[in-house]
Structures are given as C-alpha cells and as structure tokens.
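Asks: To be precise about what I am sending: the file is called query_33.cif and holds mmCIF, C-alpha atoms.
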data_protein
#
loop_
_atom_site.label_atom_id
_atom_site.label_comp_id
_atom_site.auth_asym_id
_atom_site.auth_seq_id
_atom_site.Cartn_x
_atom_site.Cartn_y
_atom_site.Cartn_z
CA MET A 26 -5.84 -5.59 -40.11
CA VAL A 27 -3.51 -3.48 -37.94
CA LEU A 28 -6.45 -1.40 -36.72
CA ILE A 29 -8.49 -4.48 -35.84
CA SER A 30 -5.54 -5.98 -33.95
CA ALA A 31 -5.01 -2.75 -32.02
CA LEU A 32 -8.70 -2.57 -31.09
CA LEU A 33 -8.70 -6.21 -30.02
CA ILE A 34 -5.71 -5.65 -27.74
CA LEU A 35 -7.31 -2.55 -26.24
CA ALA A 36 -10.58 -4.40 -25.71
CA LEU A 37 -8.79 -7.24 -23.89
CA LEU A 38 -6.99 -4.71 -21.68
CA ALA A 39 -10.30 -3.03 -20.88
CA VAL A 40 -11.95 -6.30 -19.90
CA ASN A 41 -8.95 -7.42 -17.85
CA ALA A 42 -8.95 -4.09 -15.99
CA TRP A 43 -12.35 -4.75 -14.41
CA VAL A 44 -12.15 -8.43 -13.47
CA MET A 45 -10.35 -10.16 -10.62
CA SER A 46 -6.99 -11.24 -12.03
CA PRO A 47 -6.22 -14.98 -11.68
CA THR A 48 -2.58 -14.77 -12.80
CA ARG A 49 0.36 -12.52 -11.96
CA TRP A 50 0.73 -11.11 -15.46
CA GLN A 51 -3.00 -10.30 -15.59
CA TRP A 52 -2.71 -8.47 -12.27
CA GLN A 53 0.26 -6.48 -13.56
CA LEU A 54 -1.64 -5.57 -16.73
CA GLN A 55 -4.65 -4.62 -14.63
CA LEU A 56 -2.53 -2.32 -12.46
CA ALA A 57 -0.99 -0.65 -15.51
CA THR A 58 -4.31 -0.32 -17.32
CA THR A 59 -6.27 1.17 -14.43
CA GLU A 60 -3.54 3.53 -13.24
CA PHE A 61 -2.45 4.68 -16.71
CA GLY A 62 -5.79 4.31 -18.46
CA HIS A 63 -5.89 8.02 -19.30
CA TRP A 64 -3.06 7.43 -21.79
CA LEU A 65 -4.99 4.53 -23.31
CA THR A 66 -7.94 6.91 -23.58
CA LEU A 67 -5.82 9.18 -25.78
CA LEU A 68 -4.79 6.23 -27.93
CA SER A 69 -8.42 5.14 -28.32
CA LEU A 70 -9.45 8.64 -29.35
CA VAL A 71 -6.65 8.83 -31.91
CA LEU A 72 -7.93 5.59 -33.47
CA ILE A 73 -11.45 6.95 -33.96
CA TYR A 74 -10.64 8.67 -37.25
CA PRO A 75 -9.03 5.70 -39.05
CA ALA A 76 -11.72 3.43 -37.59
CA ALA A 77 -14.47 5.69 -38.95
CA GLN A 78 -13.01 5.32 -42.44
CA SER A 79 -13.86 1.63 -42.28
CA SER A 80 -16.99 1.52 -40.16
CA ARG A 81 -19.02 3.69 -37.82
CA TRP A 82 -19.26 0.69 -35.52
CA LEU A 83 -15.49 0.51 -35.18
CA ALA A 84 -15.43 4.22 -34.39
CA ALA A 85 -18.07 3.64 -31.72
CA VAL A 86 -15.94 0.87 -30.22
CA CYS A 87 -12.99 3.27 -30.02
CA LEU A 88 -15.13 5.83 -28.25
CA LEU A 89 -16.46 3.22 -25.82
CA LEU A 90 -12.92 2.07 -25.02
CA ALA A 91 -11.85 5.67 -24.41
CA VAL A 92 -14.68 6.07 -21.90
CA VAL A 93 -13.84 2.80 -20.11
CA PHE A 94 -10.14 3.63 -19.80
CA PHE A 95 -10.98 7.08 -18.41
CA ILE A 96 -13.18 5.76 -15.58
CA PRO A 97 -10.41 5.61 -12.90
CA ALA A 98 -9.43 9.25 -13.47
CA VAL A 99 -13.04 10.42 -13.28
CA GLN A 100 -13.71 8.34 -10.17
CA ALA A 101 -10.54 9.67 -8.55
CA SER A 102 -11.67 13.23 -9.18
CA ARG A 103 -15.09 12.56 -7.68
CA ILE A 104 -13.73 10.73 -4.65
CA ALA A 105 -11.23 13.51 -4.01
CA ALA A 106 -14.01 16.12 -4.14
CA ALA A 107 -16.27 14.08 -1.85
CA GLN A 108 -13.57 13.17 0.67
CA GLY A 109 -11.66 16.46 0.69
CA LEU A 110 -8.54 14.91 -0.83
CA ARG A 111 -6.15 16.45 -3.34
CA PHE A 112 -6.26 15.40 -6.97
CA SER A 113 -4.62 17.06 -9.96
CA TRP A 114 -5.63 16.41 -13.57
CA LEU A 115 -2.35 17.98 -14.65
CA ARG A 116 -0.28 15.40 -12.76
CA LEU A 117 -1.92 12.60 -14.72
CA TRP A 118 -0.30 13.94 -17.89
CA LYS A 119 2.81 15.42 -16.32
CA PRO A 120 3.94 12.83 -13.73
CA VAL A 121 6.44 14.88 -11.75
CA HIS A 122 6.89 14.67 -7.99
CA ALA A 123 5.01 17.36 -6.10
CA GLU A 124 7.87 17.94 -3.70
CA LYS A 125 7.74 20.50 -0.91
CA PHE A 126 11.26 19.59 0.25
CA SER A 127 14.10 17.83 -1.54
CA VAL A 128 14.75 14.34 -0.17
CA GLN A 129 17.96 12.54 0.72
CA CYS A 130 17.95 8.75 0.55
CA GLU A 131 20.40 6.30 2.11
CA ARG A 132 20.52 2.64 3.06
CA ARG A 133 22.01 1.31 6.30
CA THR A 134 22.16 -1.93 8.25
CA TYR A 135 20.22 -1.70 11.50
CA TRP A 136 20.78 -5.24 12.80
CA ARG A 137 23.36 -7.94 12.21
CA GLU A 138 23.86 -11.32 13.82
CA GLY A 139 26.16 -13.96 12.33
CA ASP A 140 25.48 -14.16 8.61
CA GLU A 141 22.11 -12.41 8.87
CA ALA A 142 21.61 -8.67 8.49
CA LEU A 143 18.63 -6.36 8.14
CA ASP A 144 18.69 -3.01 6.34
CA VAL A 145 16.69 0.16 6.62
CA VAL A 146 16.22 2.64 3.76
CA ILE A 147 15.92 6.20 5.05
CA TYR A 148 14.24 9.09 3.25
CA ARG A 149 14.93 12.47 4.87
CA PRO A 150 13.59 15.90 3.88
CA VAL A 151 16.45 18.36 3.48
CA GLY A 152 16.45 21.76 5.13
CA ILE A 153 14.25 21.08 8.16
CA GLU A 154 15.90 21.68 11.52
CA LYS A 155 13.23 20.72 14.04
CA PRO A 156 12.45 17.01 14.71
CA ARG A 157 9.94 15.56 12.27
CA PRO A 158 7.33 12.78 12.37
CA CYS A 159 8.58 9.39 11.19
CA LEU A 160 6.86 6.75 9.09
CA LEU A 161 8.38 3.37 9.99
CA ILE A 162 7.40 1.14 7.07
CA ALA A 163 7.35 -2.66 6.75
CA HIS A 164 7.79 -3.76 3.12
CA THR A 165 5.66 -6.02 0.92
CA GLY A 166 6.46 -9.53 -0.32
CA GLY A 167 4.05 -12.11 1.06
CA TRP A 168 6.25 -12.55 4.16
CA ASP A 169 8.73 -14.68 2.20
CA SER A 170 10.30 -12.04 -0.07
CA GLY A 171 10.57 -8.31 -0.64
CA ASP A 172 13.05 -5.54 0.08
CA PRO A 173 12.94 -2.24 2.02
CA GLY A 174 14.17 -0.42 -1.08
CA GLU A 175 10.80 -0.78 -2.84
CA PHE A 176 8.27 2.00 -3.57
CA VAL A 177 11.02 4.59 -4.08
CA GLY A 178 8.78 7.08 -5.86
CA ALA A 179 5.93 6.89 -3.34
CA ASN A 180 8.26 6.99 -0.33
CA THR A 181 10.23 9.91 -1.74
CA GLU A 182 7.08 11.91 -2.31
CA LEU A 183 5.81 11.21 1.22
CA ALA A 184 9.14 12.30 2.68
CA SER A 185 9.00 15.49 0.62
CA HIS A 186 6.02 16.58 2.71
CA GLY A 187 8.30 16.89 5.70
CA TYR A 188 8.38 13.37 7.15
CA VAL A 189 11.28 11.02 7.77
CA LEU A 190 10.59 7.60 6.27
CA CYS A 191 12.39 4.49 7.48
CA SER A 192 11.55 1.43 5.37
CA TYR A 193 12.91 -1.58 7.25
CA ALA A 194 13.61 -5.19 6.38
CA TYR A 195 12.47 -8.11 8.50
CA ARG A 196 13.44 -11.77 8.54
CA LEU A 197 11.53 -13.85 6.02
CA ALA A 198 9.47 -17.02 6.10
CA PRO A 199 9.67 -19.96 5.91
CA LYS A 200 13.01 -19.85 7.71
CA HIS A 201 11.72 -17.28 10.17
CA ARG A 202 8.15 -17.51 11.36
CA TRP A 203 6.02 -15.07 13.30
CA PRO A 204 6.78 -13.53 15.80
CA ALA A 205 10.31 -13.08 14.39
CA GLN A 206 8.98 -10.15 12.34
CA ALA A 207 7.60 -8.54 15.49
CA GLU A 208 11.03 -8.86 17.09
CA ASP A 209 12.57 -7.20 14.03
CA THR A 210 10.05 -4.37 14.29
CA ARG A 211 11.12 -3.89 17.89
CA ARG A 212 14.75 -3.79 16.74
CA ALA A 213 13.92 -1.25 14.03
CA PHE A 214 12.15 0.91 16.59
CA ALA A 215 15.16 0.73 18.90
CA TRP A 216 17.51 1.67 16.06
CA VAL A 217 15.36 4.65 15.11
CA ARG A 218 15.23 5.72 18.75
CA GLU A 219 19.02 5.48 19.00
CA HIS A 220 19.52 7.56 15.84
CA ALA A 221 16.57 9.93 16.30
CA ALA A 222 18.71 13.01 16.91
CA GLU A 223 20.90 12.30 13.87
CA LEU A 224 17.92 11.65 11.57
CA GLY A 225 15.82 14.51 12.90
CA ILE A 226 13.02 12.30 14.22
CA ASP A 227 10.54 13.17 16.95
CA MET A 228 10.23 9.90 18.89
CA LYS A 229 6.77 10.87 20.12
CA ARG A 230 5.50 10.93 16.55
CA ILE A 231 6.37 7.58 14.98
CA VAL A 232 3.72 5.98 12.77
CA LEU A 233 3.88 2.28 11.96
CA MET A 234 2.96 1.71 8.33
CA GLY A 235 2.98 -1.27 6.01
CA ARG A 236 1.83 -2.38 2.60
CA SER A 237 0.40 -5.87 1.96
CA ALA A 238 2.33 -8.37 4.12
CA GLY A 239 4.06 -5.43 5.79
CA ALA A 240 0.67 -3.97 6.70
CA GLN A 241 -0.14 -7.06 8.77
CA ILE A 242 3.17 -6.72 10.60
CA ALA A 243 2.78 -2.98 11.16
CA ALA A 244 -0.81 -3.23 12.41
CA ALA A 245 -0.11 -6.22 14.66
CA CYS A 246 2.86 -4.45 16.25
CA ALA A 247 1.16 -1.07 16.53
CA TYR A 248 -1.84 -2.54 18.35
CA GLY A 249 -0.32 -5.56 20.04
CA MET A 250 2.92 -3.94 21.24
CA PRO A 251 1.86 -0.60 22.78
CA GLU A 252 5.18 -0.42 24.60
CA LEU A 253 6.77 0.53 21.26
CA GLY A 254 5.00 3.87 21.46
CA ALA A 255 3.65 4.14 17.92
CA CYS A 256 1.29 7.11 17.75
CA ALA A 257 -0.71 5.89 14.74
CA CYS A 258 -1.02 3.07 12.19
CA ILE A 259 -1.39 3.03 8.40
CA ASP A 260 -2.61 -0.24 6.84
CA VAL A 261 -2.35 -0.42 3.03
CA TYR A 262 -4.14 -3.50 1.62
CA GLY A 263 -3.14 -5.70 4.55
CA THR A 264 -4.53 -8.64 6.54
CA PRO A 265 -5.15 -7.37 10.10
CA ASN A 266 -6.86 -10.60 11.16
CA MET A 267 -4.71 -13.68 10.55
CA HIS A 268 -7.55 -16.02 11.52
CA LEU A 269 -9.47 -14.66 8.54
CA ALA A 270 -6.34 -14.76 6.39
CA ARG A 271 -6.11 -18.48 7.09
CA GLU A 272 -9.85 -19.05 6.69
CA TRP A 273 -9.94 -17.30 3.32
CA SER A 274 -6.70 -18.83 2.00
CA VAL A 275 -6.81 -21.33 -0.85
CA PRO A 276 -3.99 -23.41 -2.33
CA ASP A 277 -4.34 -22.35 -5.97
CA ASP A 278 -4.98 -18.60 -5.97
CA LEU A 279 -2.62 -15.96 -7.37
CA LEU A 280 -0.44 -15.87 -4.23
CA LYS A 281 -0.80 -19.54 -3.25
CA SER A 282 -2.07 -17.95 -0.06
CA LEU A 283 -2.62 -21.16 1.89
CA THR A 284 1.06 -22.01 1.64
CA LEU A 285 2.11 -18.44 2.44
CA VAL A 286 0.00 -18.22 5.59
CA ARG A 287 0.95 -21.65 6.91
CA GLN A 288 4.69 -21.21 6.35
CA TYR A 289 4.59 -17.73 7.88
CA MET A 290 2.58 -18.69 10.95
CA GLY A 291 4.08 -22.16 11.37
CA GLY A 292 0.78 -24.01 10.98
CA ASP A 293 -2.95 -23.60 11.43
CA PRO A 294 -4.69 -21.71 14.26
CA HIS A 295 -5.27 -24.79 16.38
CA GLU A 296 -1.53 -25.56 16.19
CA VAL A 297 -0.15 -22.07 16.94
CA THR A 298 -3.05 -20.39 18.72
CA GLU A 299 -0.99 -17.71 20.42
CA GLY A 300 0.82 -16.88 17.20
CA TYR A 301 -2.42 -16.18 15.33
CA ARG A 302 -3.63 -14.05 18.24
CA THR A 303 -0.53 -11.86 18.46
CA ALA A 304 -0.33 -11.54 14.66
CA SER A 305 -3.86 -10.11 14.49
CA ALA A 306 -4.30 -6.41 15.21
CA THR A 307 -8.04 -7.02 15.57
CA GLU A 308 -7.38 -8.96 18.78
CA PHE A 309 -6.23 -5.77 20.53
CA LEU A 310 -8.78 -3.16 19.44
CA ASP A 311 -10.51 -3.17 22.84
CA THR A 312 -7.29 -2.73 24.79
CA HIS A 313 -5.36 -0.23 22.70
CA ARG A 314 -6.81 2.76 20.86
CA LEU A 315 -4.77 4.09 17.96
CA PRO A 316 -5.53 6.47 15.05
CA THR A 317 -5.66 4.23 11.97
CA LEU A 318 -5.76 4.79 8.23
CA ILE A 319 -6.82 1.94 5.93
CA LEU A 320 -6.31 1.99 2.15
CA HIS A 321 -7.50 -0.77 -0.17
CA GLY A 322 -8.64 -1.31 -3.74
CA THR A 323 -11.98 -2.97 -4.49
CA LEU A 324 -10.50 -5.09 -7.30
CA ASP A 325 -7.49 -6.34 -5.32
CA SER A 326 -7.01 -9.98 -6.33
CA LEU A 327 -4.00 -10.61 -4.07
CA VAL A 328 -5.50 -9.46 -0.76
CA GLY A 329 -9.28 -9.30 -0.82
CA ILE A 330 -11.04 -6.06 0.06
CA GLY A 331 -13.01 -7.97 2.71
CA HIS A 332 -10.04 -7.79 5.08
CA SER A 333 -10.06 -4.01 5.17
CA ARG A 334 -13.85 -3.71 5.16
CA ARG A 335 -14.07 -5.84 8.29
CA PHE A 336 -11.21 -3.98 9.93
CA SER A 337 -12.92 -0.67 9.19
CA THR A 338 -16.26 -1.94 10.50
CA SER A 339 -14.63 -2.94 13.78
CA LEU A 340 -13.31 0.64 14.10
CA ALA A 341 -16.51 2.34 12.93
CA HIS A 342 -17.46 3.54 16.42
CA ARG A 343 -14.30 5.64 16.60
CA ASP A 344 -13.63 9.06 15.12
CA ASP A 345 -9.86 8.57 14.74
CA HIS A 346 -9.87 6.17 11.81
CA PHE A 347 -10.38 6.59 8.08
CA PHE A 348 -11.00 3.97 5.39
CA LEU A 349 -10.43 4.84 1.73
CA GLU A 350 -11.72 2.19 -0.67
CA ILE A 351 -10.66 2.80 -4.26
CA PRO A 352 -13.21 1.27 -6.70
CA TRP A 353 -10.80 0.48 -9.56
CA GLY A 354 -7.82 -0.17 -7.27
CA THR A 355 -5.79 -3.34 -7.22
CA HIS A 356 -2.66 -4.42 -5.36
CA GLY A 357 0.04 -1.79 -5.76
CA MET A 358 -2.39 1.00 -6.65
CA ASP A 359 -0.23 3.46 -4.65
CA PHE A 360 3.03 2.57 -6.40
CA PHE A 361 2.95 5.46 -8.88
CA PRO A 362 2.42 8.79 -7.03
CA SER A 363 0.95 10.65 -10.00
CA THR A 364 -1.70 8.14 -11.11
CA PRO A 365 -5.32 8.15 -9.88
CA GLY A 366 -4.69 5.57 -7.15
CA GLY A 367 -1.33 7.05 -6.28
CA GLN A 368 -2.64 10.58 -5.93
CA LEU A 369 -5.54 9.56 -3.69
CA SER A 370 -3.31 7.33 -1.55
CA MET A 371 -0.66 10.02 -1.10
CA SER A 372 -3.28 12.64 -0.28
CA ALA A 373 -5.04 10.37 2.23
CA ILE A 374 -1.78 9.59 4.03
CA VAL A 375 -0.69 13.24 4.15
CA ARG A 376 -4.11 14.35 5.43
CA PHE A 377 -4.07 11.60 8.06
CA MET A 378 -0.61 12.67 9.20
CA GLU A 379 -1.67 16.31 9.37
CA ARG A 380 -4.77 15.45 11.38
CA PHE A 381 -3.46 12.91 13.88
CA VAL A 382 0.34 13.20 13.95
CA HIS A 383 1.41 16.81 13.50
CA ASP A 384 -0.47 17.90 16.60
CA ALA A 385 0.62 14.93 18.72
CA PRO A 386 2.24 15.97 22.02
#
What would the structure in this file look like if it were written as structure tokens?
Replies:
Amino acid sequence: MVLISALLILALLAVNAWVMSPTRWQWQLQLATTEFGHWLTLLSLVLIYPAAQSSRWLAAVCLLLAVVFFIPAVQASRIAAAQGLRFSWLRLWKPVHAEKFSVQCERRTYWREGDEALDVVIYRPVGIEKPRPCLLIAHTGGWDSGDPGEFVGANTELASHGYVLCSYAYRLAPKHRWPAQAEDTRRAFAWVREHAAELGIDMKRIVLMGRSAGAQIAAACAYGMPELGACACIDVYGTPNMHLAREWSVPDDLLKSLTLVRQYMGGDPHEVTEGYRTASATEFLDTHRLPTLILHGTLDSLVGIGHSRRFSTSLAHRDDHFFLEIPWGTHGMDFFPSTPGGQLSMSAIVRFMERFVHDAP
C-alpha cells in the first residue's frame, strides 16, 4: 500500500510537471518537479526493486517515471551543447555556487519622500579594483507586490562573475500606476550614478534587467528612456508589449491578470493610450537599438511564452539579441542557480554580458 501511494504521488507530480498549471500550488509543484526532477529520478529508480517484487508492471512504471523526471536535465545538456552554454552534471547533485569572486551584500535606501521609501539591494564582488559592469534589476511581483531582496542565490552567483548587481524597489500598484515605476527607475539610475565610484561601477556599462513584472519595467525604460544610458537589456519572462498583455489578460487565470494589468496601467488602452505606449518596449524598437537577451520557459503559466516569442521575432533582423526558450521551464525557472533552468539562465546571462557589455566603450 505504501509503494502504491508513493507511485501515485510520483505519477501526479510527473503529470503536473508537463501541463499548464491553473493554480499557484500546482505552479510551485511544477517548478520544484522540473528543476529538481533528477532527485525524483533517483527515488523512482530506488523503488524499482520493491516494485518488481510485486509486479513487473509496477517496476516498469517506476522506470518510466525515472525517465520523465530526468527529461529537463537531458534537455538542458543538449541545449547547452547546441547553444554553446555551460552546463554541469555535477552541479545538479552538488548544488554549490560556482563563485569566481566572493560577494558582499548590503541593503540601502535610495529614495525617501514622506512616509514612502525605496530600497536597493547591492551585490558586490570583493577584490576587484577597476570599475565593473552593473546589472540594475527590477524585481518580480505582478506590479503590486515583491521585494528587491528576492533571488538571493541567483543574484549572488551573477555578482560572483565580476558584476555589481543593484536590485531596486519601485512603487507598487494600485496606489502607484505607470509611469511611477519608470520614475523610480530613473531615481535608481541617478542613485547608482551618484555612488558609482563607491560601488565600483562603470557608468558606461549599466544593463537594465528584470524578471516577470520587473522585466516589463526594465525593457520599457531601457528602450523608451535612452537618456538613462543603459547599454543593454535583459528580459526574463516579461511582457514587453502591454497592449498584448491587456489583450491576453483574463479575469480568472492564475495571476488574475486582467485585474493586475488594469490596476497597474490605470485602465484600458483607449483610456490611457500614452501609458500603454510608454510601457511597451516594442513601441521603441525602430528608434532605439539595444543589445537584448530574452529568457522564457515554454510551460510558463503566469506569463505566456507568446510574449517573448513575439518580442524575439521583432528583433530577429538584428545580430545583437539572443532568445533562450527553455522547453520544460516555468515561471521562476532561474531561481535556483544549480538546477537545469538555473544553470542555462546563468550561463546565458554571463555569455551575453561577456559578448555585449565587457567590450563596451
């Protein structure tokens, strides 16, 4: 009975891993299953022997589950080989940070007005004297929540490659609607510029990056506010076209996306036309050229892969952009640096930085 229960649970996890998740807990299970499926593979293999004592069919089920759970790792290895990215089988089983430099982390307030304040979390590589490139990162949270202190593991590992990371807060909807977040990005840029010498930042090499809701903010500001001087943009499962975000929003999906978009933008496109235009990086592709990296998972049930596919298609005529679509990936696939999605995401970002930022004037 215990064996049957264990196999049933594993089977449900396997099915949930490869379907679009309609609830938050299913999405979280999907993320854990796909990114740590190699451990479930071991468990499935261990169960083969006791299962075989009862039935060869149960043993076959265990073997099938082991294969299914191992798919993300195998796909990651193949994608890495095809795309020239780094992937380590050892790191799957020994999830330690692959640090080149030790990293110092601190949190400061970069803007305060009345009872409102915005923080920035800074990750600095230790032992580097010359000014370094900076990743200025807008956090996740659906525009109405989130904190710059998120993604500690991923941000620490990126900083260990020799970059300064500044993860900044922005004012949240529904109290603060777009373009308040663009104004906060401008403030964060000004703060970084003011403290560049102290933090060891090369102001000519600042990359605007964001994940999810933060990716929309980062891309819109990088393309729509060229006066900031961002030298590149990294969009991780974002919505670079807010007209499409509104068009594809529905009231009863996992994020309640219709409510999120309306409260963030202050209405529909016909009501705040200029807001939707300035919040969409795609509106500025013909007027501002910028090296761009796009990362997205095919199975993302919070922000559909269609957003990034269209963004990539609109940049396809350029040789300074790269789109990495991760077949098993869902929202948050880059959260754990040592997992299949984490390793590919980290490697893609580092390679992008080496190609388009290190050699910037």
Asks: Smallest atom-to-atom distance to Trp114 of chain A: which of A:Glu175, A:Gly331, A:Gln368, A:Glu299, using all atoms listed in the file?
Replies: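 The shortest atom-to-atom distance to Trp114 of chain A comes from A:Gln368.
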Asks: Running the PyMOL selection byres ((chain A and resi 352) around 10) on this model by hand, what would come out? Give it as a VMD selection string.
Replies: chain A and resid 43 96 to 97 100 to 101 104 321 to 325 349 to 351 353 to 355 366
Asks: Selection in question (the file shown): the PyMOL selection byres ((chain A and resi 333-340) around 12). Which residues does it include, as a VMD selection string?
Replies: chain A and resid 237 240 to 241 244 259 to 267 269 to 270 305 to 311 313 to 323 325 328 to 332 341 to 351
Asks: Taking the file as shown, find all residues satisfying the PyMOL selection byres ((chain A and resi 44-61) around 10) and write them as a PyMOL selection string.
Replies: chain A and resi 35+38-43+62-66+93-98+117-118+277-280+323-327+329+353-361+363-367
Asks: What gap, in Å, lies between atom CA of Trp216 of chain A and atom CA of His164 of chain A?
Replies: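 Pair atom CA of Trp216 of chain A / atom CA of His164 of chain A returns 17.1 Å.
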Asks: For the atom pair atom CA of Glu182 of chain A and atom CA of Leu110 of chain A, what is the interatomic distance in Å to one decimal place?
Replies: 16.0 Å
Asks: For Ala221 of chain A, which residue out of A:Cys191, A:Gly239, A:Ala245, A:Gly171 is the nearest one, using only C-alpha atoms?
Replies: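 For Ala221 of chain A, the nearest of the candidates is A:Cys191.
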Asks: So which one's closest to Ile231 of chain A, A:Lys125, A:Arg103, A:His295, A:Arg218? Using all atoms listed in the file, please.
Replies: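 Of A:Lys125, A:Arg103, A:His295, A:Arg218, the one nearest Ile231 of chain A, counting all atoms listed in the file, is A:Arg218.
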Asks: If the box runs along x, y and z of the file and leaves 4 Å on each side of segment 310-329 of chain A, what are its centre and edge lengths in Å, one decimal, as lines of an AutoDock Vina configuration file?
Replies:
center_x = -8.0
center_y = -2.1
center_z = 8.7
size_x = 16.0
size_y = 25.1
size_z = 40.1
Asks: Tell me, in Å to one decimal, how far atom CA of Leu160 of chain A is from atom CA of Asn180 of chain A.
Replies: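 Interatomic distance here is 9.5 Å.
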Asks: List as a PyMOL selection string the protein and nucleic acid residues near Ser30 of chain A, meaning an atom at most 12 Å away when all atoms listed in the file are counted, but skip any in the same chain fewer than 4 places from it.
Replies: chain A and resi 26+34-37+72+76+83
Asks: Got a sec: who's within 7 Å of Ala255 of chain A, counting only C-alpha atoms, leaving out chain neighbours fewer than 6 positions off, as a list in words?
Replies: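 Those residues are Ile231, Val232, Leu233 and Ala247 of chain A.
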Asks: Which residue out of A:Arg287, A:Arg111, A:Arg380, A:Arg196 has the minimum interatomic distance to Arg212 of chain A when only C-alpha atoms are used?
Replies: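 Of A:Arg287, A:Arg111, A:Arg380, A:Arg196, the one nearest Arg212 of chain A is A:Arg196, counting only C-alpha atoms.
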Asks: Out of A:Met250, A:Ala213, A:Cys130, A:Ile374, which residue has the shortest atom-to-atom distance to Ile162 of chain A when counting all atoms listed in the file?
Replies: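 Residue with the minimum atom-to-atom distance to Ile162 of chain A: A:Ala213.
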Asks: From the list A:Met234, A:Val145, A:Val27, A:Val71, which residue is nearest Arg133 of chain A when using all atoms listed in the file?
Replies: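 Selected residue with least distance to Arg133 of chain A: A:Val145.
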Asks: Can I get N, CA and C atoms for segment 200-222 of chain A, as a PDB file, in the first residue's frame?
Replies:
ATOM      1  N   LYS A 200      -1.824  51.679  -5.812  1.00  0.00           N
ATOM      2  CA  LYS A 200      -1.635  53.045  -5.336  1.00  0.00           C
ATOM      3  C   LYS A 200      -0.823  53.861  -6.327  1.00  0.00           C
ATOM      4  N   HIS A 201       0.169  53.244  -6.909  1.00  0.00           N
ATOM      5  CA  HIS A 201       1.034  53.943  -7.858  1.00  0.00           C
ATOM      6  C   HIS A 201       0.960  53.244  -9.211  1.00  0.00           C
ATOM      7  N   ARG A 202       0.505  53.976 -10.202  1.00  0.00           N
ATOM      8  CA  ARG A 202       0.349  53.417 -11.534  1.00  0.00           C
ATOM      9  C   ARG A 202       1.513  53.863 -12.431  1.00  0.00           C
ATOM     10  N   TRP A 203       1.654  53.116 -13.525  1.00  0.00           N
ATOM     11  CA  TRP A 203       2.638  53.518 -14.525  1.00  0.00           C
ATOM     12  C   TRP A 203       2.309  54.940 -14.998  1.00  0.00           C
ATOM     13  N   PRO A 204       3.276  55.857 -15.112  1.00  0.00           N
ATOM     14  CA  PRO A 204       4.726  55.629 -15.187  1.00  0.00           C
ATOM     15  C   PRO A 204       5.494  55.884 -13.884  1.00  0.00           C
ATOM     16  N   ALA A 205       4.845  55.707 -12.725  1.00  0.00           N
ATOM     17  CA  ALA A 205       5.573  55.890 -11.468  1.00  0.00           C
ATOM     18  C   ALA A 205       6.798  54.978 -11.408  1.00  0.00           C
ATOM     19  N   GLN A 206       6.667  53.763 -11.938  1.00  0.00           N
ATOM     20  CA  GLN A 206       7.781  52.810 -11.892  1.00  0.00           C
ATOM     21  C   GLN A 206       8.932  53.255 -12.800  1.00  0.00           C
ATOM     22  N   ALA A 207       8.600  53.938 -13.883  1.00  0.00           N
ATOM     23  CA  ALA A 207       9.645  54.497 -14.743  1.00  0.00           C
ATOM     24  C   ALA A 207      10.384  55.622 -14.028  1.00  0.00           C
ATOM     25  N   GLU A 208       9.637  56.429 -13.271  1.00  0.00           N
ATOM     26  CA  GLU A 208      10.269  57.495 -12.492  1.00  0.00           C
ATOM     27  C   GLU A 208      11.198  56.903 -11.433  1.00  0.00           C
ATOM     28  N   ASP A 209      10.776  55.794 -10.824  1.00  0.00           N
ATOM     29  CA  ASP A 209      11.624  55.145  -9.817  1.00  0.00           C
ATOM     30  C   ASP A 209      12.879  54.550 -10.453  1.00  0.00           C
ATOM     31  N   THR A 210      12.743  54.032 -11.657  1.00  0.00           N
ATOM     32  CA  THR A 210      13.920  53.533 -12.370  1.00  0.00           C
ATOM     33  C   THR A 210      14.894  54.666 -12.640  1.00  0.00           C
ATOM     34  N   ARG A 211      14.370  55.817 -13.003  1.00  0.00           N
ATOM     35  CA  ARG A 211      15.222  56.988 -13.213  1.00  0.00           C
ATOM     36  C   ARG A 211      15.929  57.369 -11.907  1.00  0.00           C
ATOM     37  N   ARG A 212      15.205  57.301 -10.795  1.00  0.00           N
ATOM     38  CA  ARG A 212      15.808  57.604  -9.493  1.00  0.00           C
ATOM     39  C   ARG A 212      16.896  56.589  -9.140  1.00  0.00           C
ATOM     40  N   ALA A 213      16.623  55.313  -9.418  1.00  0.00           N
ATOM     41  CA  ALA A 213      17.618  54.276  -9.129  1.00  0.00           C
ATOM     42  C   ALA A 213      18.872  54.485  -9.965  1.00  0.00           C
ATOM     43  N   PHE A 214      18.684  54.851 -11.228  1.00  0.00           N
ATOM     44  CA  PHE A 214      19.823  55.147 -12.089  1.00  0.00           C
ATOM     45  C   PHE A 214      20.628  56.305 -11.527  1.00  0.00           C
ATOM     46  N   ALA A 215      19.943  57.351 -11.096  1.00  0.00           N
ATOM     47  CA  ALA A 215      20.634  58.531 -10.556  1.00  0.00           C
ATOM     48  C   ALA A 215      21.400  58.167  -9.289  1.00  0.00           C
ATOM     49  N   TRP A 216      20.806  57.314  -8.447  1.00  0.00           N
ATOM     50  CA  TRP A 216      21.482  56.908  -7.212  1.00  0.00           C
ATOM     51  C   TRP A 216      22.734  56.107  -7.532  1.00  0.00           C
ATOM     52  N   VAL A 217      22.620  55.183  -8.484  1.00  0.00           N
ATOM     53  CA  VAL A 217      23.783  54.389  -8.884  1.00  0.00           C
ATOM     54  C   VAL A 217      24.868  55.293  -9.455  1.00  0.00           C
ATOM     55  N   ARG A 218      24.466  56.263 -10.254  1.00  0.00           N
ATOM     56  CA  ARG A 218      25.440  57.193 -10.830  1.00  0.00           C
ATOM     57  C   ARG A 218      26.149  57.975  -9.720  1.00  0.00           C
ATOM     58  N   GLU A 219      25.404  58.403  -8.725  1.00  0.00           N
ATOM     59  CA  GLU A 219      25.973  59.171  -7.624  1.00  0.00           C
ATOM     60  C   GLU A 219      26.950  58.340  -6.797  1.00  0.00           C
ATOM     61  N   HIS A 220      26.683  57.035  -6.686  1.00  0.00           N
ATOM     62  CA  HIS A 220      27.514  56.164  -5.850  1.00  0.00           C
ATOM     63  C   HIS A 220      28.411  55.238  -6.673  1.00  0.00           C
ATOM     64  N   ALA A 221      28.572  55.538  -7.950  1.00  0.00           N
ATOM     65  CA  ALA A 221      29.319  54.655  -8.839  1.00  0.00           C
ATOM     66  C   ALA A 221      30.753  54.429  -8.366  1.00  0.00           C
ATOM     67  N   ALA A 222      31.421  55.506  -7.959  1.00  0.00           N
ATOM     68  CA  ALA A 222      32.815  55.373  -7.524  1.00  0.00           C
ATOM     69  C   ALA A 222      32.909  54.501  -6.273  1.00  0.00           C
TER      70      ALA A 222
END
